[in-house]
Amino acid sequence: MCGPAMFPAGPPWPRVRVVQVLWALLAVLLASWRLWAIKDFQECTWQVVLNEFKRVGESGVSDSFFEQEPVDTVSSLFHMLVDSPIDPSEKYLGFPYYLKINYSCEEKSPVNFYRWKIEQLQIQMEAAPFRSKEPCMAEEVCSMSWYTPMPIKKGSVVMRVDISSNGLGTFIPDKRFQMNINGFLKRDRDNNIQFTVGEELFNLMPQYFVGVSSRPLWHTVDQSPVLILGGIPNEKYVLMTDTSFKDFSLVELSIDSCWVGSFYCPHSGFTATIYDTIATESTLFIRQNQLVYYFTGTYTTLYERNRGSGSWIRVLASECIKKLCPVYFHSNGSEYIMALTTGKHEGYVHFGTIRDGQVSFEMLPRQWSVCEQIGVTTCSIIWSEYIAGEYTLLLLVESGYGNASKRFQVVSYNTASDDLELLYHIPEFIPEARGLEFLMILGTESYTSTAMAPKGIFCNPYNNLIFIWGNFLLQSSNKENFIYLADFPKELSIKYMARSFRGAVAIVTETEEIWYLLEGSYRVYQLFPSKGWQVHISLKLMQQSSLYASNETMLTLFYEDSKLYQLVYLMNNQKGQLVKRLVPVEQLLMYQQHTSHYDLERKGGYLMLSFIDFCPFSVMRLRSLPSPQRYTRQERYRARPPRVLERSGFHNENSLAIYQGLVYYLLWLHSVYDKPYADPVHDPTWRWWANNKQDQDYYFFLASNWRSAGGVSIEMDSYEKIYNLESAYELPERIFLDKGTEYSFAIFLSAQGHSFRTQSELGTAFQLHSQVDVGVVLADPGCIEASVKQEVLINRNSVLFSITLKDKKLCYDQGISGHHLMETSMTVNVVGSSGLCFQETHLGPHMQGNLMVPVFIGCPPGKRLAFDITYTLEYSRLKNKHYFDCVNVNPEMPCFLFRDIFYPFFLIQDLVTGDSGSFQGSYVLLVVGGGPTLDSLKDYSEDEIYRFNSPLDKTNSLIWTTRTTRTTKDSAFHIMSHESPGIEWLCLENAPCYDNVPQGIFAPEFFFKVLVSNRGVDTSTYCNYQLTFLLHIHGLPLSPKRALFIIMVSASVFVGLVIFYIAFCLLWPLVVKGCTMIRWKINNLIASESYYTYASISGISSMPSLRHSRMGSMFSSRMTEDRAEPKEAVERQLMT
């Protein structure tokens, strides 16, 4: 072994990869402990790149992530695995890429800082060790990497990769990477990868970045695979990344840069600068001057057909667009964007909708402009914020009243009802706070001479907090009453705000200062410039960190996974470098607190430095956390590489290809598991190994003796779904609540010093009270409720707060699983801890005392209704005393006899937790289609569905009935449950299953398409369960006419056969006699002919004697042959 250090993977300059979100990939590395034997004072980190199959094992290479279809490169290998638990007849495909994982270590000082973790469908894969293909003089290995398949899931283009070690050897912190699909790449004629939006530039000139003002990074949160950032002066250049700026590309956009002006388009000059850039899941938007363009990427995983753009498309060509405003969250299957106009359509908003890659704009309001509806002569919309859950636009409007000064209002416009409402008049001047941290705006306070200059609105959809920002900061939780935050100086002006949507907000001013705010609190902290920043930058420069320099320019500030990041251009010795770095908010606040509040106490002959701790507690821990999957709805699979039958344990190309095929098949089983008939075992992987589990010991014997085919051993237990994840001692990223569901946990706080006091109340004994208090803030207290119970642990100087969050069953009707959920939140605050409490961890300081969790009310994702065919068959056999299946048995769809009572049962299956239980709620069952064969199935119209299923039908068209008396409110349909007496099949005269012609000698069959739904009839859940399945019924009766016709035909045939038999019996002797006579005549004729022949040969005798002899001979012969003839017949013969 040449050495413990691994070679870092990655290209010599930044390259583009690919982007989009929905599920996470977890890679767990298993390696020899010797490879981890790295000195503890080294800082080690993970490195991740993508490799195509043909480049596995090569060093220093990476591939762009834009191929999206599975490839058939592994099926031939599976045919060789004859003695393995897999089914060789199945189709095994592979993904186009492998994930190559390295780690690198650098010499550093003992001061180390690390980070991150999170996400919804996950696959946990163990990486396979693979030796590098480079020449090596060592006996075993010089360098190596780990490989896993890089899965691609339909419907998702954003993937997050979490890398963690097996815990052996040097501590390497977990690390997250974004590996997203880039739909803005293509291959040219030479098979080289290039951008479709423009031409990639490789020279990052300093003039593009040095001294340039920073700009916001706008995109759809957790949905945008490719991020785009403009603002490069006088150039149509943008920065593009598919890895959240881990690497990036500078691209010159292929737009015409034309300037179209008119008398209604005011402009001061032309520039090539790309001002506003917004990234959505599949589409990029830019604004250059007053022109708007968009480009749709090629994402075959999102759409059924290719909808990528061939070039930039200009929209709103006749409009003057002064600003683009982003919408951070998708809703109702669409993403949104807003364009603010100037000129002829001042006072209107162009509201853009992006659905399935198609872009459309609508001008709002639909009738009168905002100016006309608020009653002003002129106005201008400065900013627009869209609240998707309320279908509401919040507009910041600047109004002019004749010669009076400008005034600003907040206007609400409902896009569904087209109603506009004036919500709030912003004060003309900034209030006088008089030393207070905040001030409630009531209209009676005094004001300064500084005019308010609002620039934008920010709304957090989780906690309903609204901020109006400019040279001030106003906060409101109900859109009516606003609080002025006095910590932000009125001499500064906010340029943009970076939002985490998890309780933290970063503010960037026009002078590039950075401020920090915890939502719900009233303190605003200055991060840069500050004393804390000076301490931090000094330490980093002393450590010679490559992420810091004395001359640097911030390009943007943004949140990623609740962490604050900067994109910064560094200048070192006339060399420029663009880097992404973490803003250590906790570290800066700690430095700032320590540099401002400390004491020097003399002890003996020296001074002792001590810091004042303003945190009300010393220890904060979360306890009694429930298992997370039930509330986070995260599905997770586990996959391990096949066991390699080689002593070194290193994998080869064949074993990696087999690993590809197994992972692909595992995810394919997940995708096809949503079928109407429930399996006997509720697990997507059950069918994979069901027929081979009994031979598991045999496969283990082959692997133990190194006799497995193909040199690999596949263990069935290595590919499974995980249902028992443990809590990570932190609140989940999100909580889903069904109807009446509750979530409980506890907070353990150890107080600072003596924090307890006794208090006596009238008529009671002394009670112990703690000065450490916890508050729970609910964004929608009318929908959810929280209870807090306090338990004082006096002997430990601690307090235990038990908190229960519960849905109140008031604010949601019913919805499809995971759709149209109500967004709200719960915030837990330890009183007096905001920005003051920190916990030291091996990853650096962590802020404590403020916990915010988004809460989603409605039907949680991953729950479904399934037809319990197993119990239905058992119960039907029990109640009907028999069960008759079809002649041609189909195990996937058993038959039911028409004359038997049908007792359907259904299951509620939780795909996340693995729970599966009988559906106890109410439901409506409808036959919505059918046909005598699978090929002749048809869907019924609404009128037919009513006639075939309603007990009110008078057209004699019912297909079924039941003795259940409960019906819907309009009595149109029966309401059933698991206790219903069953279904009786009718198939009346006008029903489609009436009078079916048999296809053979067996009774007619019919396939019913059945819809089961609990919509509007079940009050036990928020879930609108809908299940459609086929039901095979055999033994259908014939109609009376057809039955009578068949009986008549059958009777006629039978009678005819009887008459024929009787006639046959009577006529048979005569027939026999007639046949005998005919035979005698034939024989007689033959004999006479023989005689004449003989006579002619013997000679000619005398005619008389000859005649006499012939006559006698004939008479003698005739008498001999037929002695039984009557005497009269003989005499007639003689007379002749």
# chains A, B, ... in the order shown; residues from 1 in each chain; ligands from 1

$ select_by_dssp --residues "segment 856-1087 of chain A" --states "strand (DSSP E or B)" --output "PyMOL selection string"
chain A and resi 856-857+863-867+895-897+902+906-910+916-918+923-931+938-939+960-961+967+974+976+983-985+1005-1013+1023+1026-1034

$ residues_around --residues "segment 459-463 of chain A" --least-positions-apart "3" --cutoff "7 Å" --atoms "only C-alpha atoms" --output "list of chain:residue names"
A:Ile387, A:Ile466, A:Phe467, A:Phe501, A:Ala779, A:Glu823, A:Thr824, A:Ser825, A:Pro854

$ write_last_selection --atoms "N, CA and C atoms" --output "short mmCIF file (atom, residue, chain, number, x, y, z; two decimals), in the first residue's frame"
data_model
loop_
_atom_site.label_atom_id
_atom_site.label_comp_id
_atom_site.auth_asym_id
_atom_site.auth_seq_id
_atom_site.Cartn_x
_atom_site.Cartn_y
_atom_site.Cartn_z
N ILE A 387 -48.58 34.40 -2.30
CA ILE A 387 -48.86 33.41 -1.25
C ILE A 387 -49.71 32.32 -1.89
N ILE A 466 -44.82 38.46 7.89
CA ILE A 466 -44.64 39.33 6.74
C ILE A 466 -43.68 40.45 7.13
N PHE A 467 -42.71 40.71 6.27
CA PHE A 467 -41.75 41.78 6.47
C PHE A 467 -41.87 42.78 5.33
N PHE A 501 -36.46 30.15 5.35
CA PHE A 501 -37.80 29.61 5.58
C PHE A 501 -37.82 28.61 6.73
N ALA A 779 -48.32 29.15 14.18
CA ALA A 779 -48.67 30.07 13.10
C ALA A 779 -50.18 30.11 12.88
N GLU A 823 -50.02 24.48 4.94
CA GLU A 823 -48.71 24.75 5.50
C GLU A 823 -48.84 25.65 6.72
N THR A 824 -48.23 25.23 7.82
CA THR A 824 -48.18 26.03 9.02
C THR A 824 -46.89 25.67 9.74
N SER A 825 -46.75 26.08 10.99
CA SER A 825 -45.49 25.80 11.68
C SER A 825 -45.68 25.89 13.18
N PRO A 854 -41.71 23.22 10.30
CA PRO A 854 -42.89 23.32 9.44
C PRO A 854 -43.84 22.16 9.69
#

$ residues_around --residues "segment 682-694 of chain A" --least-positions-apart "6" --cutoff "7 Å" --atoms "only C-alpha atoms" --output "list of chain:residue names"
A:Pro85, A:Leu669, A:His670, A:Tyr673, A:Met716, A:Glu720, A:Gly914, A:Ser916

$ write_last_selection --atoms "N, CA and C atoms" --output "PDB file, in the first residue's frame"
ATOM      1  N   PRO A  85     -30.145 -16.092  -6.196  1.00  0.00           N
ATOM      2  CA  PRO A  85     -31.574 -15.963  -5.864  1.00  0.00           C
ATOM      3  C   PRO A  85     -32.364 -15.074  -6.808  1.00  0.00           C
ATOM      4  N   LEU A 669     -39.098  -2.014  -8.450  1.00  0.00           N
ATOM      5  CA  LEU A 669     -40.117  -2.638  -7.600  1.00  0.00           C
ATOM      6  C   LEU A 669     -40.853  -1.588  -6.776  1.00  0.00           C
ATOM      7  N   HIS A 670     -40.140  -0.583  -6.328  1.00  0.00           N
ATOM      8  CA  HIS A 670     -40.788   0.504  -5.569  1.00  0.00           C
ATOM      9  C   HIS A 670     -41.793   1.254  -6.443  1.00  0.00           C
ATOM     10  N   TYR A 673     -45.086  -0.828  -7.150  1.00  0.00           N
ATOM     11  CA  TYR A 673     -45.759  -1.449  -6.012  1.00  0.00           C
ATOM     12  C   TYR A 673     -47.161  -0.897  -5.804  1.00  0.00           C
ATOM     13  N   MET A 716     -29.949 -11.872  -0.265  1.00  0.00           N
ATOM     14  CA  MET A 716     -31.319 -11.360  -0.355  1.00  0.00           C
ATOM     15  C   MET A 716     -31.607 -10.302   0.708  1.00  0.00           C
ATOM     16  N   GLU A 720     -33.571  -4.242   0.883  1.00  0.00           N
ATOM     17  CA  GLU A 720     -34.771  -4.228   1.699  1.00  0.00           C
ATOM     18  C   GLU A 720     -35.215  -2.791   1.942  1.00  0.00           C
ATOM     19  N   GLY A 914     -44.628   0.838   6.959  1.00  0.00           N
ATOM     20  CA  GLY A 914     -44.884  -0.582   6.764  1.00  0.00           C
ATOM     21  C   GLY A 914     -46.147  -1.077   7.424  1.00  0.00           C
ATOM     22  N   SER A 916     -49.996  -1.964   7.907  1.00  0.00           N
ATOM     23  CA  SER A 916     -51.067  -2.372   7.010  1.00  0.00           C
ATOM     24  C   SER A 916     -52.204  -2.918   7.862  1.00  0.00           C
TER      25      SER A 916
END

$ residues_around --residues "segment 701-707 of chain A" --least-positions-apart "2" --cutoff "12 Å" --atoms "only C-alpha atoms" --output "list in words"
Leu81, Val82, Asp83, Ser84, Pro85, Pro642, Arg643, Val644, Leu645, Glu646, Arg647, Asp695, Gln696, Asp697, Tyr698, Tyr699, Ala709, Gly710, Gly711, Val712, Ser713, Ile714 and Glu715 of chain A

$ residues_around --residues "segment 988-999 of chain A" --least-positions-apart "3" --cutoff "6 Å" --atoms "only C-alpha atoms" --output "ChimeraX atom specification"
/A:956-959,1003-1004,1038-1039

$ atom_distance --atom1 "atom CA of Phe650 of chain A" --atom2 "atom CA of Trp668 of chain A"
27.4 Å

$ select_by_dssp --residues "segment 692-799 of chain A" --states "helix (DSSP H, G or I)" --output "ChimeraX atom specification"
/A:693-704,709-711,716-718,794-796

$ write_last_selection --atoms "N, CA, C and O atoms" --output "PDB file, in the first residue's frame"
ATOM      1  N   LYS A 693     -36.527 -17.622  -0.865  1.00  0.00           N
ATOM      2  CA  LYS A 693     -36.173 -17.551   0.543  1.00  0.00           C
ATOM      3  C   LYS A 693     -35.889 -18.930   1.133  1.00  0.00           C
ATOM      4  O   LYS A 693     -35.022 -19.090   2.003  1.00  0.00           O
ATOM      5  N   GLN A 694     -36.633 -19.931   0.669  1.00  0.00           N
ATOM      6  CA  GLN A 694     -36.460 -21.268   1.221  1.00  0.00           C
ATOM      7  C   GLN A 694     -35.093 -21.860   0.877  1.00  0.00           C
ATOM      8  O   GLN A 694     -34.632 -22.792   1.542  1.00  0.00           O
ATOM      9  N   ASP A 695     -34.442 -21.314  -0.162  1.00  0.00           N
ATOM     10  CA  ASP A 695     -33.125 -21.830  -0.564  1.00  0.00           C
ATOM     11  C   ASP A 695     -31.995 -20.919  -0.095  1.00  0.00           C
ATOM     12  O   ASP A 695     -30.877 -20.991  -0.620  1.00  0.00           O
ATOM     13  N   GLN A 696     -32.271 -20.058   0.877  1.00  0.00           N
ATOM     14  CA  GLN A 696     -31.261 -19.109   1.314  1.00  0.00           C
ATOM     15  C   GLN A 696     -30.015 -19.794   1.862  1.00  0.00           C
ATOM     16  O   GLN A 696     -28.893 -19.350   1.611  1.00  0.00           O
ATOM     17  N   ASP A 697     -30.192 -20.879   2.589  1.00  0.00           N
ATOM     18  CA  ASP A 697     -29.038 -21.607   3.135  1.00  0.00           C
ATOM     19  C   ASP A 697     -28.180 -22.202   2.025  1.00  0.00           C
ATOM     20  O   ASP A 697     -26.943 -22.267   2.150  1.00  0.00           O
ATOM     21  N   TYR A 698     -28.823 -22.617   0.957  1.00  0.00           N
ATOM     22  CA  TYR A 698     -28.062 -23.187  -0.164  1.00  0.00           C
ATOM     23  C   TYR A 698     -27.185 -22.116  -0.821  1.00  0.00           C
ATOM     24  O   TYR A 698     -26.004 -22.362  -1.108  1.00  0.00           O
ATOM     25  N   TYR A 699     -27.748 -20.927  -1.035  1.00  0.00           N
ATOM     26  CA  TYR A 699     -26.954 -19.857  -1.629  1.00  0.00           C
ATOM     27  C   TYR A 699     -25.821 -19.424  -0.697  1.00  0.00           C
ATOM     28  O   TYR A 699     -24.719 -19.096  -1.149  1.00  0.00           O
ATOM     29  N   PHE A 700     -26.076 -19.465   0.596  1.00  0.00           N
ATOM     30  CA  PHE A 700     -25.018 -19.138   1.552  1.00  0.00           C
ATOM     31  C   PHE A 700     -23.913 -20.188   1.502  1.00  0.00           C
ATOM     32  O   PHE A 700     -22.722 -19.857   1.613  1.00  0.00           O
ATOM     33  N   PHE A 701     -24.289 -21.444   1.340  1.00  0.00           N
ATOM     34  CA  PHE A 701     -23.287 -22.517   1.226  1.00  0.00           C
ATOM     35  C   PHE A 701     -22.409 -22.302   0.000  1.00  0.00           C
ATOM     36  O   PHE A 701     -21.176 -22.439   0.066  1.00  0.00           O
ATOM     37  N   LEU A 702     -23.018 -21.942  -1.136  1.00  0.00           N
ATOM     38  CA  LEU A 702     -22.223 -21.696  -2.341  1.00  0.00           C
ATOM     39  C   LEU A 702     -21.263 -20.527  -2.140  1.00  0.00           C
ATOM     40  O   LEU A 702     -20.094 -20.599  -2.531  1.00  0.00           O
ATOM     41  N   ALA A 703     -21.741 -19.445  -1.539  1.00  0.00           N
ATOM     42  CA  ALA A 703     -20.885 -18.279  -1.335  1.00  0.00           C
ATOM     43  C   ALA A 703     -19.771 -18.579  -0.341  1.00  0.00           C
ATOM     44  O   ALA A 703     -18.629 -18.126  -0.531  1.00  0.00           O
ATOM     45  N   SER A 704     -20.078 -19.348   0.697  1.00  0.00           N
ATOM     46  CA  SER A 704     -19.060 -19.665   1.700  1.00  0.00           C
ATOM     47  C   SER A 704     -17.949 -20.517   1.122  1.00  0.00           C
ATOM     48  O   SER A 704     -16.800 -20.447   1.590  1.00  0.00           O
ATOM     49  N   ALA A 709     -21.869 -18.511  -8.947  1.00  0.00           N
ATOM     50  CA  ALA A 709     -21.638 -18.229 -10.364  1.00  0.00           C
ATOM     51  C   ALA A 709     -21.296 -16.755 -10.556  1.00  0.00           C
ATOM     52  O   ALA A 709     -21.812 -15.876  -9.854  1.00  0.00           O
ATOM     53  N   GLY A 710     -20.414 -16.489 -11.519  1.00  0.00           N
ATOM     54  CA  GLY A 710     -20.049 -15.121 -11.847  1.00  0.00           C
ATOM     55  C   GLY A 710     -19.072 -14.477 -10.899  1.00  0.00           C
ATOM     56  O   GLY A 710     -18.739 -13.290 -11.058  1.00  0.00           O
ATOM     57  N   GLY A 711     -18.611 -15.192  -9.883  1.00  0.00           N
ATOM     58  CA  GLY A 711     -17.655 -14.630  -8.948  1.00  0.00           C
ATOM     59  C   GLY A 711     -18.252 -13.657  -7.958  1.00  0.00           C
ATOM     60  O   GLY A 711     -17.513 -12.953  -7.259  1.00  0.00           O
ATOM     61  N   MET A 716     -29.949 -11.872  -0.265  1.00  0.00           N
ATOM     62  CA  MET A 716     -31.319 -11.360  -0.355  1.00  0.00           C
ATOM     63  C   MET A 716     -31.607 -10.302   0.708  1.00  0.00           C
ATOM     64  O   MET A 716     -32.366  -9.364   0.478  1.00  0.00           O
ATOM     65  N   ASP A 717     -31.001 -10.432   1.868  1.00  0.00           N
ATOM     66  CA  ASP A 717     -31.250  -9.479   2.947  1.00  0.00           C
ATOM     67  C   ASP A 717     -30.569  -8.146   2.720  1.00  0.00           C
ATOM     68  O   ASP A 717     -30.769  -7.212   3.516  1.00  0.00           O
ATOM     69  N   SER A 718     -29.785  -8.030   1.675  1.00  0.00           N
ATOM     70  CA  SER A 718     -29.065  -6.781   1.408  1.00  0.00           C
ATOM     71  C   SER A 718     -29.900  -5.772   0.633  1.00  0.00           C
ATOM     72  O   SER A 718     -29.431  -4.651   0.409  1.00  0.00           O
ATOM     73  N   ILE A 794     -35.497  19.643  40.873  1.00  0.00           N
ATOM     74  CA  ILE A 794     -34.741  20.522  41.752  1.00  0.00           C
ATOM     75  C   ILE A 794     -33.369  19.946  42.068  1.00  0.00           C
ATOM     76  O   ILE A 794     -32.384  20.687  42.208  1.00  0.00           O
ATOM     77  N   ASN A 795     -33.266  18.614  42.169  1.00  0.00           N
ATOM     78  CA  ASN A 795     -31.986  18.024  42.520  1.00  0.00           C
ATOM     79  C   ASN A 795     -30.973  18.112  41.384  1.00  0.00           C
ATOM     80  O   ASN A 795     -29.766  17.958  41.607  1.00  0.00           O
ATOM     81  N   ARG A 796     -31.435  18.373  40.171  1.00  0.00           N
ATOM     82  CA  ARG A 796     -30.538  18.508  39.018  1.00  0.00           C
ATOM     83  C   ARG A 796     -30.502  19.930  38.490  1.00  0.00           C
ATOM     84  O   ARG A 796     -29.906  20.175  37.446  1.00  0.00           O
TER      85      ARG A 796
END

$ closest_residue --among "A:Leu518, A:Leu578, A:Thr804, A:Phe896" --to "Lys246 of chain A" --atoms "only C-alpha atoms"
A:Leu578
